[in-house]
Structure formats: structure tokens, C-alpha cells
$ cat upload-v1.txt   # compact mmCIF, C-alpha atoms and all ligand atoms
# COMPACT_ATOMS: atom_id res chain seq x y z
CA MET T 386 154.29 -2.80 114.87
CA PRO T 387 157.19 -0.65 113.67
CA SER T 388 157.96 2.30 115.87
CA LEU T 389 157.39 5.79 114.55
CA SER T 390 161.07 6.67 114.59
CA GLN T 391 161.77 3.61 112.42
CA LEU T 392 159.07 4.72 109.99
CA HIS T 393 160.64 8.15 109.78
CA ASP T 394 164.08 6.69 108.96
CA PRO T 395 164.37 5.89 105.21
CA THR T 396 167.34 3.57 105.84
CA SER T 397 165.44 1.32 108.27
CA ASN T 398 164.02 -2.04 107.22
CA GLU T 399 160.63 -0.97 108.58
CA TYR T 400 160.58 2.06 106.29
CA LYS T 401 161.53 -0.09 103.28
CA LYS T 402 158.83 -2.61 104.13
CA ALA T 403 156.17 0.12 104.51
CA ARG T 404 157.28 1.53 101.16
CA ARG T 405 156.94 -1.86 99.46
CA LEU T 406 153.43 -2.27 100.90
CA TYR T 407 152.49 1.24 99.82
CA LEU T 408 153.72 0.71 96.25
CA LYS T 409 151.81 -2.58 96.05
CA ALA T 410 148.60 -0.98 97.36
CA THR T 411 148.80 1.97 94.96
CA LYS T 412 150.03 0.07 91.88
CA ASN T 413 146.81 0.45 89.91
CA ARG T 414 145.96 3.96 91.02
CA ASP T 415 145.34 6.46 88.21
CA PRO T 416 148.07 9.14 88.51
CA ASN T 417 145.58 11.75 87.23
CA THR T 418 143.09 11.32 90.06
CA ASP T 419 144.52 14.25 91.98
CA ILE T 420 144.21 16.89 89.29
CA ASP T 421 140.79 18.05 90.43
CA TRP T 422 141.63 18.30 94.11
CA THR T 423 140.97 21.63 95.73
CA PRO T 424 143.87 23.04 97.76
CA PHE T 425 142.02 21.95 100.93
CA ARG T 426 141.62 18.39 99.64
CA ALA T 427 145.26 18.25 98.60
CA ALA T 428 146.33 19.27 102.12
CA GLU T 429 144.03 16.65 103.67
CA LYS T 430 145.56 13.96 101.46
CA LYS T 431 149.06 15.04 102.35
CA TYR T 432 148.60 14.85 106.12
CA LYS T 433 146.46 11.72 106.03
CA ALA T 434 149.07 9.69 104.19
CA ARG T 435 150.37 6.68 106.08
CA PHE T 436 153.30 6.38 103.71
CA PRO T 437 155.53 8.18 103.48
CA PRO T 438 154.73 9.71 106.89
CA PRO T 439 153.99 13.40 106.31
CA ASP T 440 156.68 15.96 106.90
CA LEU T 441 155.35 18.40 109.49
CA GLY T 442 157.97 21.05 108.70
CA ASN T 443 155.18 23.31 107.36
CA VAL T 444 152.89 22.79 110.34
CA LEU T 445 152.77 25.50 113.01
CA ASP T 446 153.74 23.91 116.34
CA LEU T 447 153.65 26.61 119.02
CA ALA T 448 154.64 24.13 121.72
CA THR T 449 158.17 24.23 120.30
CA LEU T 450 158.44 27.78 121.68
CA ASP T 451 157.79 26.53 125.21
CA SER T 452 160.73 24.92 126.99
CA THR T 453 158.42 23.25 129.52
CA ARG T 454 156.97 21.14 126.69
CA GLU T 455 160.30 19.83 125.41
CA GLN T 456 159.83 16.37 126.89
CA GLU T 457 156.30 16.09 125.53
CA ILE T 458 157.53 16.95 122.03
CA ASN T 459 160.59 14.71 122.09
CA GLU T 460 158.72 11.68 123.42
CA GLY T 461 156.09 12.01 120.74
CA VAL T 462 158.38 11.92 117.68
CA TRP T 463 156.06 14.15 115.63
CA ARG T 464 157.16 17.77 115.58
CA GLY T 465 156.03 20.81 113.66
CA CYS T 466 157.81 24.08 113.33
CA SER T 467 157.50 27.40 115.19
CA ASP T 468 157.83 29.54 112.07
CA ALA T 469 155.83 27.50 109.56
CA ILE T 470 153.28 30.28 109.09
CA GLU T 471 153.04 33.93 110.03
CA TYR T 472 151.60 34.56 113.48
CA ARG T 473 151.60 37.33 116.05
CA GLN T 474 151.65 37.00 119.84
CA LEU T 475 149.21 39.23 121.69
CA ALA T 476 151.03 41.62 123.99
CA GLY T 477 150.66 42.25 127.69
CA MET T 478 148.86 39.09 128.72
CA ALA T 479 150.48 38.11 131.97
CA HIS T 480 149.68 34.43 132.42
CA VAL T 481 148.33 33.33 129.09
CA LYS T 482 150.13 33.11 125.78
CA ALA T 483 147.81 33.95 122.90
CA TYR T 484 148.60 34.04 119.20
CA VAL T 485 146.73 35.21 116.12
CA VAL T 486 147.28 34.18 112.53
CA PRO T 487 146.89 37.18 110.17
CA ARG T 488 145.75 34.95 107.31
CA ILE T 489 142.69 33.88 109.33
CA PRO T 490 141.26 36.97 111.09
CA GLY T 491 139.46 35.96 114.27
CA LEU T 492 141.50 32.79 114.90
CA VAL T 493 143.19 32.80 118.32
CA LEU T 494 145.52 30.05 119.57
CA LEU T 495 146.07 29.52 123.29
CA PRO T 496 148.67 26.75 123.60
CA SER T 497 148.74 24.95 126.98
CA PHE T 498 145.74 26.94 128.20
CA VAL T 499 144.32 23.94 130.10
CA SER T 500 146.54 22.71 132.97
CA SER T 501 147.53 19.03 133.22
CA GLU T 502 145.15 18.49 136.13
CA LYS T 503 142.23 20.10 134.29
CA GLN T 504 143.01 18.02 131.20
CA LYS T 505 142.57 14.88 133.29
CA ASN T 506 139.31 16.18 134.72
CA LEU T 507 138.03 16.98 131.23
CA VAL T 508 138.94 13.52 129.95
CA ARG T 509 137.01 11.93 132.85
CA TRP T 510 134.13 14.34 132.29
CA SER T 511 134.00 13.61 128.53
CA LEU T 512 133.87 9.86 128.95
CA SER T 513 132.02 9.35 132.23
CA ASP T 514 129.59 12.29 132.32
CA GLN T 515 129.01 13.35 128.72
CA ALA T 516 129.03 10.15 126.68
CA ARG T 517 125.79 8.96 128.26
CA PHE T 518 122.10 9.66 128.72
CA PRO T 519 120.59 12.27 128.49
CA ASN T 520 123.21 13.35 125.96
CA GLU T 521 123.09 11.74 122.54
CA THR T 522 126.07 9.88 121.14
CA ASN T 523 126.70 8.44 117.68
CA LEU T 524 125.88 4.99 119.14
CA ASP T 525 122.36 5.93 120.30
CA VAL T 526 120.85 5.73 116.82
CA HIS T 527 121.71 2.07 116.53
CA TYR T 528 121.89 0.62 120.03
CA VAL T 529 119.76 0.52 123.17
CA LEU T 530 122.57 1.83 125.34
CA PRO T 531 122.84 1.33 129.09
CA GLU T 532 121.69 4.53 130.82
CA GLN T 533 125.10 5.03 132.42
CA GLY T 534 126.76 4.91 128.96
CA VAL T 535 129.17 2.41 127.47
CA TRP T 536 132.21 3.94 129.16
CA ASN T 537 130.91 3.53 132.74
CA THR T 538 129.55 0.08 131.94
CA TRP T 539 132.93 -0.97 130.63
CA LEU T 540 134.69 0.54 133.69
CA ASN T 541 132.50 -1.50 136.02
CA SER T 542 133.25 -4.68 134.12
CA ARG T 543 137.02 -4.36 134.25
CA ASP T 544 137.24 -6.29 137.50
CA ASP T 545 134.39 -8.60 136.66
CA PRO T 546 134.09 -9.45 132.95
CA ALA T 547 130.65 -10.93 133.66
CA LYS T 548 129.42 -7.36 133.96
CA ASP T 549 130.47 -6.54 130.39
CA VAL T 550 126.93 -5.90 129.14
CA LEU T 551 125.80 -7.11 125.73
CA VAL T 552 124.23 -4.08 124.06
CA ILE T 553 121.24 -4.81 121.86
CA PRO T 554 120.70 -3.11 118.47
CA LYS T 555 117.67 -0.82 118.23
CA ALA T 556 116.46 -2.22 114.96
CA THR T 557 113.81 -4.86 115.30
CA ALA T 558 112.94 -7.52 112.75
CA ASP T 559 110.38 -5.23 111.15
CA THR T 560 112.87 -2.38 110.62
CA LEU T 561 113.67 -2.74 106.97
CA GLY T 562 116.14 -0.80 104.87
CA ALA T 563 119.52 -0.88 106.49
CA GLN T 564 121.02 2.53 107.05
CA GLU T 565 124.62 3.42 107.44
CA PRO T 566 126.47 1.74 110.31
CA PRO T 567 127.71 3.92 113.17
CA GLY T 568 130.80 5.75 112.08
CA PRO T 569 132.29 9.14 111.40
CA ARG T 570 130.14 12.22 111.14
CA GLN T 571 128.35 12.54 107.82
CA LEU T 572 128.86 15.58 105.65
CA ILE T 573 125.57 17.15 104.59
CA ASN T 574 125.25 20.58 103.04
CA ASN T 575 123.00 22.80 105.12
CA THR T 576 121.83 26.36 104.76
CA PRO T 577 123.74 28.69 107.07
CA ALA T 578 121.51 29.55 110.03
CA ASN T 579 120.71 33.17 110.84
CA ALA T 580 118.15 35.19 112.77
CA ALA T 581 115.93 35.57 109.67
CA ASN T 582 115.59 31.86 108.90
CA PHE T 583 115.49 30.73 112.54
CA SER T 584 111.76 30.01 112.60
CA SER T 585 111.83 27.97 109.38
CA ILE T 586 114.80 26.01 110.76
CA SER T 587 113.09 25.31 114.04
CA SER T 588 109.92 24.13 112.29
CA THR T 589 111.67 21.86 109.72
CA PRO T 590 110.73 18.25 110.51
CA LYS T 591 113.60 16.39 112.14
CA PRO T 592 112.78 12.72 111.82
CA PRO T 593 114.89 10.31 113.87
CA GLN T 594 117.53 8.49 111.87
CA ALA T 595 116.61 4.86 111.19
CA PRO T 596 118.75 2.34 113.06
CA SER T 597 120.89 -0.08 111.10
CA ALA T 598 119.19 -3.42 110.55
CA THR T 599 122.47 -5.25 110.05
CA ILE T 600 124.40 -4.70 113.26
CA LYS T 601 124.65 -7.40 115.90
CA PRO T 602 124.48 -7.31 119.70
CA THR T 603 127.84 -6.01 120.88
CA LEU T 604 129.68 -5.95 124.22
CA SER T 605 130.07 -2.55 125.89
CA SER T 606 133.84 -3.03 125.83
CA ALA T 607 133.72 -3.34 122.03
CA LEU T 608 131.56 -0.22 121.70
CA VAL T 609 133.94 2.03 123.62
CA PRO T 610 136.35 2.45 120.68
CA LYS T 611 133.37 3.07 118.40
CA LEU T 612 132.32 6.16 120.33
CA ARG T 613 132.74 9.16 117.98
CA TRP T 614 130.78 12.04 119.51
CA ALA T 615 128.48 13.13 122.31
CA ASN T 616 126.38 16.28 122.17
CA ILE T 617 126.29 18.90 124.90
CA GLY T 618 123.73 21.68 125.32
CA TRP T 619 121.20 22.15 122.49
CA TYR T 620 120.66 18.87 120.65
CA TYR T 621 121.88 18.59 117.09
CA HIS T 622 120.02 16.81 114.31
CA TRP T 623 122.62 15.23 112.04
CA GLY T 624 120.13 14.42 109.27
CA THR T 625 119.35 18.10 108.58
CA LYS T 626 122.51 19.52 110.18
CA GLN T 627 120.37 21.87 112.24
CA TYR T 628 119.77 22.19 115.93
CA ASP T 629 116.63 20.44 117.10
CA PHE T 630 115.30 23.19 119.37
CA ALA T 631 112.09 21.26 119.99
CA LYS T 632 114.05 18.76 122.10
CA GLY T 633 114.90 21.44 124.62
CA LYS T 634 118.34 22.34 125.82
CA GLY T 635 120.75 19.92 127.43
CA ALA T 636 123.09 21.04 130.20
CA ILE T 637 126.42 22.78 129.78
CA HIS T 638 128.34 21.68 132.82
CA PRO T 639 130.00 24.52 134.82
CA CYS T 640 133.42 22.87 134.43
CA ILE T 641 133.35 23.34 130.65
CA ARG T 642 131.47 26.65 130.75
CA ASP T 643 134.10 28.11 133.06
CA ILE T 644 137.06 27.02 130.93
CA CYS T 645 135.45 28.41 127.77
CA ARG T 646 134.47 31.68 129.40
CA ASP T 647 137.96 32.02 130.93
CA ALA T 648 139.52 31.45 127.50
CA VAL T 649 137.33 34.13 125.88
CA ALA T 650 137.87 36.54 128.79
CA ALA T 651 141.65 35.99 128.71
CA VAL T 652 141.91 37.40 125.19
CA ASP T 653 142.38 41.11 124.62
CA TRP T 654 140.00 41.28 121.65
CA ARG T 655 141.06 44.81 120.76
CA GLN T 656 144.39 43.36 119.71
CA VAL T 657 142.66 40.67 117.64
CA TYR T 658 140.29 42.97 115.76
CA GLY T 659 142.02 46.27 116.35
CA ASP T 660 140.81 48.87 113.92
CA THR T 661 139.56 46.45 111.31
CA LYS T 662 135.97 47.52 112.02
CA ALA T 663 134.92 43.98 111.30
CA ASP T 664 131.19 44.01 110.72
CA LEU T 665 130.31 41.64 113.50
CA GLY T 666 126.90 42.91 114.47
CA ASP T 667 124.09 45.19 113.40
CA THR T 668 125.20 48.24 115.30
CA GLU T 669 128.59 47.69 116.84
CA PRO T 670 131.30 45.06 116.64
CA ASP T 671 130.12 42.49 119.16
CA TRP T 672 133.67 41.55 120.21
CA THR T 673 133.69 44.61 122.47
CA THR T 674 131.32 42.80 124.83
CA TRP T 675 132.36 39.14 124.44
CA ASN T 676 134.22 39.13 127.73
CA GLU T 677 130.84 39.52 129.47
CA THR T 678 128.23 38.31 126.99
CA TYR T 679 129.82 35.15 125.65
CA GLU T 680 127.68 32.24 126.86
CA PRO T 681 128.29 28.73 125.54
CA ASP T 682 125.05 26.80 125.03
CA ALA T 683 125.86 23.92 122.67
CA GLY T 684 128.70 21.73 121.59
CA ILE T 685 130.09 18.37 120.79
CA VAL T 686 132.69 16.13 122.34
CA ASN T 687 134.58 14.42 119.51
CA PHE T 688 136.37 11.13 120.15
CA TYR T 689 138.96 10.28 117.49
CA GLN T 690 140.78 7.00 117.22
CA THR T 691 144.19 7.34 115.59
CA LYS T 692 142.98 6.41 112.10
CA ASP T 693 139.97 8.78 112.21
CA THR T 694 139.75 12.05 110.35
CA LEU T 695 137.28 14.92 110.27
CA MET T 696 136.74 16.15 106.72
CA ALA T 697 136.67 19.82 105.74
CA HIS T 698 133.46 21.47 106.92
CA VAL T 699 131.99 24.74 108.16
CA ASP T 700 130.00 24.94 111.41
CA ARG T 701 127.16 27.14 110.26
CA SER T 702 124.16 25.88 112.20
CA GLU T 703 124.53 28.47 114.95
CA ILE T 704 122.28 31.53 114.60
CA CYS T 705 125.16 33.64 115.85
CA ALA T 706 127.79 33.53 113.13
CA THR T 707 130.46 35.51 114.94
CA SER T 708 130.50 34.54 118.63
CA PRO T 709 133.60 32.59 119.70
CA LEU T 710 133.71 28.84 119.23
CA VAL T 711 136.08 27.34 121.79
CA SER T 712 137.84 24.11 120.92
CA ILE T 713 139.89 22.13 123.46
CA SER T 714 142.32 19.36 122.51
CA LEU T 715 143.00 16.43 124.84
CA GLY T 716 145.09 13.24 124.51
CA ASN T 717 147.03 12.59 121.31
CA ALA T 718 147.99 15.54 119.13
CA ALA T 719 146.51 16.27 115.71
CA VAL T 720 147.02 18.28 112.55
CA PHE T 721 144.24 20.87 112.26
CA LEU T 722 143.65 22.63 108.93
CA ILE T 723 141.82 25.92 108.58
CA GLY T 724 141.34 27.83 105.34
CA GLY T 725 138.76 30.19 103.90
CA LEU T 726 135.13 30.46 102.83
CA THR T 727 135.57 27.75 100.17
CA ARG T 728 137.82 24.73 99.79
CA ASP T 729 139.75 26.67 97.16
CA THR T 730 141.67 28.59 99.79
CA GLU T 731 144.83 26.81 100.81
CA PRO T 732 144.48 25.98 104.53
CA VAL T 733 147.07 26.69 107.21
CA PRO T 734 148.20 23.57 109.10
CA ILE T 735 148.41 23.81 112.90
CA LEU T 736 149.61 21.10 115.29
CA LEU T 737 147.29 20.90 118.29
CA ARG T 738 148.47 19.18 121.45
CA SER T 739 146.75 18.18 124.68
CA GLY T 740 145.68 21.27 126.63
CA ASP T 741 145.77 23.62 123.63
CA VAL T 742 142.74 25.82 123.01
CA VAL T 743 141.68 27.24 119.65
CA ILE T 744 139.13 30.05 119.45
CA MET T 745 137.35 30.56 116.15
CA SER T 746 135.58 33.92 116.12
CA GLY T 747 134.23 36.57 113.80
CA PRO T 748 132.59 36.26 110.37
CA GLU T 749 135.61 35.01 108.43
CA CYS T 750 136.98 32.47 110.86
CA ARG T 751 133.57 31.11 111.98
CA ARG T 752 132.67 30.41 108.36
CA ALA T 753 136.08 29.07 107.37
CA TYR T 754 136.49 25.50 106.19
CA HIS T 755 138.43 23.45 108.70
CA GLY T 756 139.12 19.83 109.50
CA VAL T 757 141.38 17.28 111.15
CA PRO T 758 143.14 15.08 108.58
CA ARG T 759 145.52 13.38 111.00
CA ILE T 760 145.69 12.22 114.57
CA LEU T 761 149.37 11.95 115.45
CA GLU T 762 149.80 8.51 116.92
CA GLY T 763 152.13 8.06 119.90
CA THR T 764 151.85 11.65 121.16
CA LEU T 765 150.05 11.10 124.46
CA PRO T 766 151.91 13.37 126.93
CA SER T 767 153.36 11.78 130.04
CA HIS T 768 151.03 13.71 132.38
CA LEU T 769 148.15 11.67 130.90
CA LYS T 770 149.94 8.38 131.40
CA SER T 771 149.15 6.16 134.33
CA MET T 772 149.96 7.41 137.79
CA ASP T 773 147.41 5.43 139.74
CA ASP T 774 144.93 2.61 139.32
CA ASP T 775 141.99 4.97 138.84
CA TRP T 776 143.62 6.60 135.87
CA ARG T 777 144.78 3.35 134.19
CA PRO T 778 141.62 2.73 132.10
CA TYR T 779 141.70 6.31 130.90
CA GLU T 780 145.32 5.97 129.90
CA GLU T 781 144.62 2.71 128.09
CA TYR T 782 141.85 4.38 126.11
CA LEU T 783 143.80 7.57 125.46
CA ARG T 784 146.81 5.73 124.00
CA THR T 785 144.92 5.52 120.71
CA THR T 786 142.61 8.51 121.13
CA ARG T 787 142.29 12.25 120.76
CA ILE T 788 139.36 14.03 122.40
CA ASN T 789 138.16 17.44 121.24
CA VAL T 790 135.60 19.46 123.19
CA ASN T 791 134.03 21.89 120.72
CA VAL T 792 131.78 24.50 122.33
CA ARG T 793 129.58 27.07 120.62
CA GLN T 794 127.09 29.86 121.28
CA VAL T 795 123.96 29.31 119.20
CA PHE T 796 122.03 32.51 119.88
CA PRO T 797 123.44 36.04 119.59
CA ARG T 798 123.18 38.47 122.47
CA GLY T 799 119.64 39.75 122.87
CA PHE T 800 118.08 37.23 120.47
CA LYS T 801 114.85 35.84 121.94
CA PRO T 802 114.09 32.53 120.27
CA ASP T 803 110.39 32.04 119.74
CA LEU T 804 110.25 28.50 121.09
CA GLU T 805 107.19 26.57 122.14
CA PRO T 806 106.55 26.81 125.92
CA GLY T 807 108.50 24.17 127.75
CA ASN T 808 111.07 23.87 124.99
CA GLY T 809 114.26 25.41 126.23
O1 LIG Q 901 138.72 18.21 116.50
C1 LIG Q 901 138.89 19.39 116.24
O2 LIG Q 901 139.93 19.99 116.55
C2 LIG Q 901 137.83 20.16 115.46
C3 LIG Q 901 136.45 19.61 115.59
C4 LIG Q 901 135.45 20.37 114.79
O3 LIG Q 901 135.78 21.12 113.90
C5 LIG Q 901 134.00 20.23 115.07
O4 LIG Q 901 133.62 19.50 116.00
O5 LIG Q 901 133.20 20.86 114.38
FE FE Q 902 134.12 22.23 113.16
$ encode --input "upload-v1.txt" --output "C-alpha cells"
Amino acid sequence: MPSLSQLHDPTSNEYKKARRLYLKATKNRDPNTDIDWTPFRAAEKKYKARFPPPDLGNVLDLATLDSTREQEINEGVWRGCSDAIEYRQLAGMAHVKAYVVPRIPGLVLLPSFVSSEKQKNLVRWSLSDQARFPNETNLDVHYVLPEQGVWNTWLNSRDDPAKDVLVIPKATADTLGAQEPPGPRQLINNTPANAANFSSISSTPKPPQAPSATIKPTLSSALVPKLRWANIGWYYHWGTKQYDFAKGKGAIHPCIRDICRDAVAAVDWRQVYGDTKADLGDTEPDWTTWNETYEPDAGIVNFYQTKDTLMAHVDRSEICATSPLVSISLGNAAVFLIGGLTRDTEPVPILLRSGDVVIMSGPECRRAYHGVPRILEGTLPSHLKSMDDDWRPYEEYLRTTRINVNVRQVFPRGFKPDLEPGNG
């Protein structure tokens, strides 16, 4: 495989070869297909492109301001720019650097918020503790998974391949009508949740998705790279894109709760919202109390392989449309796009690296289209590379992976969900 630096050098043979392949593959493409693209779609296309590799000169890369991250940036080839878009650093925060982007009110960036050691713990936690029963993963619909999850099963079989369990598909001979195979998250338009439509949402039927009738028994080791997400906290029903409150509430482990609450508490929200009088609540702007009242209760752990993308979407299933959503990046870096209330707003591109935290808060940012068009291959920082035997399998997996822990608060402060007894 050509190295990235070769692919970035137009005089190299590898670049010329990739160009030939690209021209061959796109020979019959209609040059007018792009005229209807929204600005968001055009940006997605640009950063997704394998050839020519995208120029990240317009992508905000706050790590370039931090001399302690120089090695991480240089080793990874991909580099954005510190002045690609307008941003402002919040003043007077002793240990944490926090930045806001005036074009997206409510967006707060905390580069390097999670220490190297905590990043490793979160990677272990994501794979070993979260991607398994009782949490749901994308694989559960289609396979009868081992209770300890495919990751732990695969770990146990590394020394003894005989333990590499063959996982059986859920569909039986009488399950007709093949559904979609396991894969990326599906985009379904849903009605934004709010306090007024909560009871109709919670009573909408949420039938289980039918398992694929075409997939074959598969070894745990082969399912590991097919892992795409695991839920945490309240369960999510992908078919209706609503929370399935009737299933009760899954746990939010203290290790993730603490990091999210620390991130929210670290921000001086007065500097974020200042005098804008953003209408965040019925009576008063709720940001004034977030440092105490923010309580994460749902979320998703996303697992991206380097060719995966997450299309433009809005997370609008939470009843609380303003409370901070905390998003933690681990492993390889990515280009994150965030725009406005429709795809017609041109998004701002932000390079997210391992340990960076993004907070999406307030009515504009929480309802803004966003997505991940590109995982930046070869950007695993050296602190996540192998130091000991225990870490080796994690490193092997992470070489082609980005993990994102995306944590939300479903219910606003003081909202008492009218749930059936025993449900939550
Ligand atoms: O991977 C990311 O940075 C964003 C993920 C996201 O937007 C989501 O899970 O809804
Ligand atoms: Fe999202």
C-alpha cells in the first residue's frame, strides 16, 4: 500500500498510479451530477475523496497551537490549519483550553481534554464493557452474540484460536424477507422530540428490526471490524429514531459520566452565551445551571473503520433540545463538519484528534447538521501504540479505527417522564 506521504506528493509514482485509477473509475461519470449538491453535501464529497487526497488547509486544527502535540501531528501526515475559521479562546481557564466558534453559537471545543491514560481507559471501556450485553450493538439485530460481546470473545481466542467462537445469525429458516445487512447507521427522518410530544413518542410502537436472512455464521474475530455502535443509557430504536423508554434505562458508567460532567463544568458558560439572551428554557437560560444540573443519561459509542463515514444528520430525539451533548474522540483523527439548521448552510470543518472533546449545546448548535466525512488514516498517536502485551490487541484494532463516545441528556431539568412503573 502506498504511504500517505507518497500519495500527497504529485511527483511520486504512487500519486500518478492513484490518479490513473481514479480517472479510470470516474471515466463515465456525468459531470453535471454535482449541480444539485447542497453546500453540506459538497463538503462531504470533498473530504471523503480518496483521490486526490483532500487538502486540509481549510480545516481548523487546534492541535497545531499546542507544542506538546507536534510529534502527534508530524507522525500522522494529515494536518489542518490553526486559522482556517474564526474562533475565540475562552479566557481565564487555568488548566483547560476551550474555544468557541462564533459561526456556531453553543459549540465549544476542548482539545486534548482527555489525558493519554484516560484515553486508553476509555478505549478499553468502549470495547470490553460497552460493546456487549446488556447494551445493544449494531450486530445484535442479526447475530446471537456471545454474552461477553465479540471483543472479549476475540481477546480470549488470541492465544487459542480454537476459542474463536462461530457466531450464529438470528434469522431462522422461517424468517423471510431479507433486511439490510449490518452496516452504517441508517438515516431516517424523525420528528424532533419535545416535552409536548413525549407521550406520543413513548407510546409509538417500536417493533424489533427483522434480522437479515442472508448472512452466514461468522467468527467473532471477523465480527470485530464490523462493530459500528453500542448504545449507552436509554435504549435507542433505530427504526423510528426515537428512544425506546419502555425498555428501561441502561447504565451510564461513572467513568464516562465524570468526564462529561467535568467537561461541562470546566466551561465558563457566561463567556459562551454572554449577553445573547439565548432562549434556552421557559423562564431563564438554562446554561446558568448546567454546571450542576447537567446529567448524561444516554449515548452511543461509535466505532469507525477508516473507510467509514457518518452522513449529515441532526440528533433531535432528546426531549431536551439545549442541554450539552459531549463528544469524545479516540484513536485515529477525523474531519468533523458542522453547519446550520439545514444542509444549505455551508459547514465548518474541524479536525478532531484523540483526546479532543466537542460540546454541542444550545438551540442552534444542538439542532445543527453535522457529520464525519473522513477518518484520517495513519493518525493513531504514539501514546495509543503498543507499550505492553495487554495493550497490543487494542493497538492492532485502533490502527484502522476511530472511536467516538457521544453522550447526551434526554430529559430537561425538572421534567418528570410519565413512564410505566418499572420502566426507568
Ligand atoms: O463521531 C463523531 O464525532 C460524531 C458522532 C455523532 O454525531 C453522533 O453519534 O450522533
Ligand atoms: Fe450526531
$ atom_distance --input "upload-v1.txt" --atom1 "atom CA of Ser708 of chain T" --atom2 "atom CA of Tyr679 of chain T"
7.1 Å
$ residues_near_ligand --input "upload-v1.txt" --ligand "ligand LIG 901 (chain Q)" --cutoff "9 Å" --atoms "all atoms listed in the file" --output "PyMOL selection string"
chain T and resi 614+684-689+694-700+712-714+719-722+737+743+754-757+787-792
$ closest_residue --input "upload-v1.txt" --among "T:Pro487, T:Pro395, T:Pro748, T:Gly465" --to "Phe436 of chain T" --atoms "only C-alpha atoms"
T:Pro395
$ atom_distance --input "upload-v1.txt" --atom1 "atom CA of Asp544 of chain T" --atom2 "atom CA of Glu762 of chain T"
28.3 Å
$ closest_residue --input "upload-v1.txt" --among "T:Asp693, T:Asp773, T:Glu781, T:Glu677" --to "Lys433 of chain T" --atoms "all atoms listed in the file"
T:Asp693
$ atom_distance --input "upload-v1.txt" --atom1 "atom CA of Gly724 of chain T" --atom2 "atom CA of Ala753 of chain T"
5.8 Å
$ closest_residue --input "upload-v1.txt" --among "T:Ala469, T:Val481, T:Leu710, T:Val609" --to "ligand FE 902 (chain Q)" --atoms "all atoms listed in the file"
T:Leu710
$ closest_residue --input "upload-v1.txt" --among "T:Pro577, T:Gly477, T:Pro602, T:Pro590" --to "Phe630 of chain T" --atoms "only C-alpha atoms"
T:Pro590
$ residues_around --input "upload-v1.txt" --residues "Tyr407 of chain T" --least-positions-apart "6" --cutoff "10 Å" --atoms "all atoms listed in the file" --output "PyMOL selection string"
chain T and resi 401+435-437
$ closest_residue --input "upload-v1.txt" --among "T:Arg751, T:Arg509, T:Lys555, T:Arg784" --to "ligand FE 902 (chain Q)" --atoms "only C-alpha atoms and all ligand atoms"
T:Arg751
$ residues_near_point --input "upload-v1.txt" --point "(141.4, 23.9, 92.8)" --cutoff "12 Å" --atoms "only C-alpha atoms" --output "list in words"
Asp419, Ile420, Asp421, Trp422, Thr423, Pro424, Phe425, Arg426, Ala427, Ala428, Thr727, Arg728, Asp729, Thr730 and Glu731 of chain T
$ residues_around --input "upload-v1.txt" --residues "Asp468 of chain T" --least-positions-apart "2" --cutoff "10 Å" --atoms "all atoms listed in the file" --output "PyMOL selection string"
chain T and resi 442-447+449-450+465-466+470-472
$ residues_around --input "upload-v1.txt" --residues "Ser584 of chain T" --least-positions-apart "5" --cutoff "10 Å" --atoms "all atoms listed in the file" --output "short mmCIF file (atom, residue, chain, number, x, y, z; two decimals) with C-alpha atoms, keeping the file's coordinate frame"
data_model
loop_
_atom_site.label_atom_id
_atom_site.label_comp_id
_atom_site.auth_asym_id
_atom_site.auth_seq_id
_atom_site.Cartn_x
_atom_site.Cartn_y
_atom_site.Cartn_z
CA ASN T 579 120.71 33.17 110.84
CA THR T 589 111.67 21.86 109.72
CA PRO T 802 114.09 32.53 120.27
CA ASP T 803 110.39 32.04 119.74
CA LEU T 804 110.25 28.50 121.09
#
$ closest_residue --input "upload-v1.txt" --among "T:Val711, T:Leu495, T:Ile553, T:Ile600" --to "ligand FE 902 (chain Q)" --atoms "only C-alpha atoms and all ligand atoms"
T:Val711
$ residues_near_point --input "upload-v1.txt" --point "(136.0, 37.5, 108.2)" --cutoff "12 Å" --atoms "all atoms listed in the file" --output "list in words"
Pro487, Arg488, Ile489, Pro490, Gly491, Leu492, Val657, Tyr658, Thr661, Lys662, Ala663, Asp664, Leu665, Ala706, Thr707, Gly724, Gly725, Leu726, Met745, Ser746, Gly747, Pro748, Glu749, Cys750, Arg751, Arg752 and Ala753 of chain T
$ decode --input "upload-v1.txt" --residues "segment 707-717 of chain T" --atoms "N, CA, C and O atoms" --output "tab-separated table (two decimals), in the first residue's frame"
chain	number	residue	atom	x	y	z
T	707	THR	N	-31.47	21.55	24.30
T	707	THR	CA	-30.43	22.55	24.53
T	707	THR	C	-29.27	22.04	25.39
T	707	THR	O	-28.15	22.53	25.28
T	708	SER	N	-29.53	21.04	26.22
T	708	SER	CA	-28.52	20.57	27.17
T	708	SER	C	-27.28	20.06	26.42
T	708	SER	O	-27.39	19.52	25.33
T	709	PRO	N	-26.10	20.23	26.99
T	709	PRO	CA	-24.88	19.87	26.27
T	709	PRO	C	-24.84	18.40	25.82
T	709	PRO	O	-25.25	17.50	26.57
T	710	LEU	N	-24.34	18.21	24.62
T	710	LEU	CA	-24.01	16.88	24.13
T	710	LEU	C	-22.49	16.84	24.13
T	710	LEU	O	-21.85	17.75	23.58
T	711	VAL	N	-21.92	15.84	24.78
T	711	VAL	CA	-20.46	15.78	24.91
T	711	VAL	C	-19.93	14.65	24.03
T	711	VAL	O	-20.38	13.51	24.13
T	712	SER	N	-18.98	15.00	23.19
T	712	SER	CA	-18.49	14.05	22.18
T	712	SER	C	-16.98	13.90	22.30
T	712	SER	O	-16.25	14.89	22.21
T	713	ILE	N	-16.53	12.66	22.54
T	713	ILE	CA	-15.10	12.42	22.82
T	713	ILE	C	-14.49	11.62	21.68
T	713	ILE	O	-15.03	10.58	21.29
T	714	SER	N	-13.37	12.09	21.16
T	714	SER	CA	-12.70	11.38	20.05
T	714	SER	C	-11.54	10.56	20.57
T	714	SER	O	-10.76	11.03	21.41
T	715	LEU	N	-11.40	9.36	20.04
T	715	LEU	CA	-10.33	8.44	20.46
T	715	LEU	C	-9.76	7.72	19.23
T	715	LEU	O	-10.52	7.38	18.31
T	716	GLY	N	-8.44	7.47	19.24
T	716	GLY	CA	-7.86	6.71	18.12
T	716	GLY	C	-7.49	7.62	16.97
T	716	GLY	O	-7.00	8.74	17.17
T	717	ASN	N	-7.76	7.16	15.73
T	717	ASN	CA	-7.42	7.98	14.57
T	717	ASN	C	-8.23	9.27	14.56
T	717	ASN	O	-9.34	9.33	15.10
